[in-house]
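Asker: Got a structure for you, questions after.
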Amino acid sequence: MHDEFVAHGWEVLIADAQRVKGLAPLACKTDKVDSRVLAELSFRDLVPAIWLPDPQLRRERERSRYVPLLMSAPGVGWVVAYTIAAEIGDINRFCSPVKLTGYTGLCPRVSQSGDMDRRGPLSKHGPKYLRWGLMEAAMHAADHPVYRERYQRTKRRLGKQRGPKVAQIELSRKLAEAIWYMLTCNKPFTPSAPAGAAFRLAA
């Protein structure tokens, strides 16, 4: 209600109930009497109002509450977790892990024409700080038991020149998929996807 009134240009104060009772202990008996007391206090500029954060600050607080959850993922520290949380925003914007991974810009460009399907460099269409956070996490997660074998296998397959970079990018996409499940289910990182998921997070 506060936000709706403010959005329409009203100045809204939320009174501290305990302090109002201290100012008018005998008056606070019914809603009608309370309203008159608050009106009189407002007229005298004496309303003991509580502080209420604005909607933007409340959204930032909500994002910051992702941080401990994100830090359960391999390679994710406090700074990276907060960066990822801030860049993703509301996880409900993404209906699947594929949508979130595409948003990161860490997927290759695809050129399709008839029977031809060519993969190009990374699209990099998404937020650059989200890519940075995921790549930074992947660099450290490469030594985690969940991801080490896959990371090393990709490095060997592609050789010394391309292998490390491509393996890091692939791992960052896997972390994005894991993060989608973590935030959607509100559960810490686990080596496998939640029940009902089509694939393992660490596969």
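Residues are referred to by chain and number: the chain letter is A, B, ... according to the order shown in the structure tokens, the number counts from 1 in that chain, and ligands are numbered separately from 1 in the order shown.
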Neighbouring residues of Met1 in chain A were defined as those with any atom within 12 Å, considering only C-alpha atoms; residues of the same chain fewer than 6 positions away were excluded. Please report them as an MDAnalysis selection string.

Answerer: chainID A and resid 7:8 10 12:14

Asker: Using only C-alpha atoms, what table do you get, as a Markdown table, when you list each residue of range 7-93 of chain A with an atom no more than 9 Å from range 160-180 of chain A, its nearest pair of atoms, and their distance in Å rounded to one decimal, rows by chain then rising number?

Answerer:
| residue | atom | partner | partner_atom | distance |
| --- | --- | --- | --- | --- |
| A:Leu70 | CA | A:Ile179 | CA | 7.0 |
| A:Ala73 | CA | A:Ile179 | CA | 7.8 |
| A:Pro74 | CA | A:Leu175 | CA | 8.3 |
| A:Ile91 | CA | A:Trp180 | CA | 7.2 |

Asker: Only C-alpha atoms, please: the residues just picked out, written as a PDB file, in the first residue's frame.

Answerer:
ATOM      1  CA  LEU A  70      25.722 -18.591  -4.481  1.00  0.00           C
ATOM      2  CA  ALA A  73      28.937 -23.145  -5.653  1.00  0.00           C
ATOM      3  CA  PRO A  74      32.525 -24.124  -6.524  1.00  0.00           C
ATOM      4  CA  ILE A  91      15.875 -15.314 -11.438  1.00  0.00           C
TER       5      ILE A  91
END

Asker: Pick out each residue of range 5-191 of chain A that DSSP on the backbone tags as helix (DSSP H, G or I); I need them as a ChimeraX atom specification.

Answerer: /A:5-7,17-23,31-43,55-64,67-70,78-88,91-93,97-103,128-141,148-185

Asker: Which one is closest to Val76 in chain A: A:Tyr103, A:Tyr181, A:Tyr151, A:Trp132? Count only C-alpha atoms.

Answerer: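 Ranking A:Tyr103, A:Tyr181, A:Tyr151, A:Trp132 by distance to Val76 in chain A, first place goes to A:Trp132.
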
Asker: Tell me which of A:Arg61, A:Arg131, A:Arg93, A:Arg150 sits closest to Gly105 in chain A, counting only C-alpha atoms.

Answerer: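 Looking only at the distances to Gly105 in chain A, the closest residue turns out to be A:Arg131.
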
Asker: What's the separation between CA of Thr101 in chain A and CA of Glu60 in chain A, in Å to one decimal place?

Answerer: 22.3 Å

Asker: Got a sec: who's within 12 Å of Pro145 in chain A, counting only C-alpha atoms, leaving out chain neighbours fewer than 3 positions off, as a ChimeraX atom specification?

Answerer: /A:74-75,140-142,148-152,190-191,202

Asker: As a list of chain:residue names, please: every residue in range 4-180 of chain A that a backbone DSSP assignment puts in strand (DSSP E or B).

Answerer: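 Answer for range 4-180 of chain A restricted to strand (DSSP E or B) is A:Ala15, A:Ala49, A:Pro108, A:Arg109, A:Val110, A:Ser111, A:Gln112, A:Ser113, A:Met116, A:Asp117, A:Arg118, A:Arg119, A:Gly120, A:Pro121, A:Leu122.
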
Asker: Put those residues in a file: N, CA and C atoms, as a PDB file, in the first residue's frame.

Answerer:
ATOM      1  N   ALA A  15       3.560   5.023  10.889  1.00  0.00           N
ATOM      2  CA  ALA A  15       3.765   5.381  12.287  1.00  0.00           C
ATOM      3  C   ALA A  15       4.313   4.216  13.090  1.00  0.00           C
ATOM      4  N   ALA A  49       7.446   8.363  12.894  1.00  0.00           N
ATOM      5  CA  ALA A  49       7.438   7.435  11.762  1.00  0.00           C
ATOM      6  C   ALA A  49       8.626   6.484  11.821  1.00  0.00           C
ATOM      7  N   PRO A 108      28.238 -19.553 -28.073  1.00  0.00           N
ATOM      8  CA  PRO A 108      28.753 -19.150 -29.391  1.00  0.00           C
ATOM      9  C   PRO A 108      27.653 -18.662 -30.310  1.00  0.00           C
ATOM     10  N   ARG A 109      28.019 -17.770 -31.204  1.00  0.00           N
ATOM     11  CA  ARG A 109      27.070 -17.351 -32.239  1.00  0.00           C
ATOM     12  C   ARG A 109      26.794 -18.531 -33.159  1.00  0.00           C
ATOM     13  N   VAL A 110      25.545 -18.638 -33.614  1.00  0.00           N
ATOM     14  CA  VAL A 110      25.154 -19.735 -34.500  1.00  0.00           C
ATOM     15  C   VAL A 110      24.664 -19.154 -35.820  1.00  0.00           C
ATOM     16  N   SER A 111      25.230 -19.654 -36.914  1.00  0.00           N
ATOM     17  CA  SER A 111      24.808 -19.235 -38.251  1.00  0.00           C
ATOM     18  C   SER A 111      24.224 -20.448 -38.957  1.00  0.00           C
ATOM     19  N   GLN A 112      22.920 -20.408 -39.232  1.00  0.00           N
ATOM     20  CA  GLN A 112      22.257 -21.537 -39.849  1.00  0.00           C
ATOM     21  C   GLN A 112      21.676 -21.128 -41.194  1.00  0.00           C
ATOM     22  N   SER A 113      21.897 -21.979 -42.176  1.00  0.00           N
ATOM     23  CA  SER A 113      21.366 -21.747 -43.512  1.00  0.00           C
ATOM     24  C   SER A 113      21.173 -23.099 -44.175  1.00  0.00           C
ATOM     25  N   MET A 116      23.316 -26.158 -43.252  1.00  0.00           N
ATOM     26  CA  MET A 116      24.580 -25.709 -42.671  1.00  0.00           C
ATOM     27  C   MET A 116      24.334 -25.109 -41.284  1.00  0.00           C
ATOM     28  N   ASP A 117      25.175 -25.481 -40.344  1.00  0.00           N
ATOM     29  CA  ASP A 117      25.088 -24.988 -38.964  1.00  0.00           C
ATOM     30  C   ASP A 117      26.507 -24.677 -38.504  1.00  0.00           C
ATOM     31  N   ARG A 118      26.867 -23.401 -38.524  1.00  0.00           N
ATOM     32  CA  ARG A 118      28.223 -23.012 -38.143  1.00  0.00           C
ATOM     33  C   ARG A 118      28.228 -22.280 -36.810  1.00  0.00           C
ATOM     34  N   ARG A 119      29.211 -22.592 -35.986  1.00  0.00           N
ATOM     35  CA  ARG A 119      29.364 -21.948 -34.682  1.00  0.00           C
ATOM     36  C   ARG A 119      30.513 -20.948 -34.749  1.00  0.00           C
ATOM     37  N   GLY A 120      30.241 -19.737 -34.277  1.00  0.00           N
ATOM     38  CA  GLY A 120      31.247 -18.689 -34.302  1.00  0.00           C
ATOM     39  C   GLY A 120      31.761 -18.364 -32.915  1.00  0.00           C
ATOM     40  N   PRO A 121      32.355 -17.189 -32.744  1.00  0.00           N
ATOM     41  CA  PRO A 121      32.851 -16.768 -31.435  1.00  0.00           C
ATOM     42  C   PRO A 121      31.697 -16.488 -30.467  1.00  0.00           C
ATOM     43  N   LEU A 122      32.021 -16.236 -29.212  1.00  0.00           N
ATOM     44  CA  LEU A 122      30.997 -15.953 -28.210  1.00  0.00           C
ATOM     45  C   LEU A 122      30.164 -14.744 -28.613  1.00  0.00           C
TER      46      LEU A 122
END
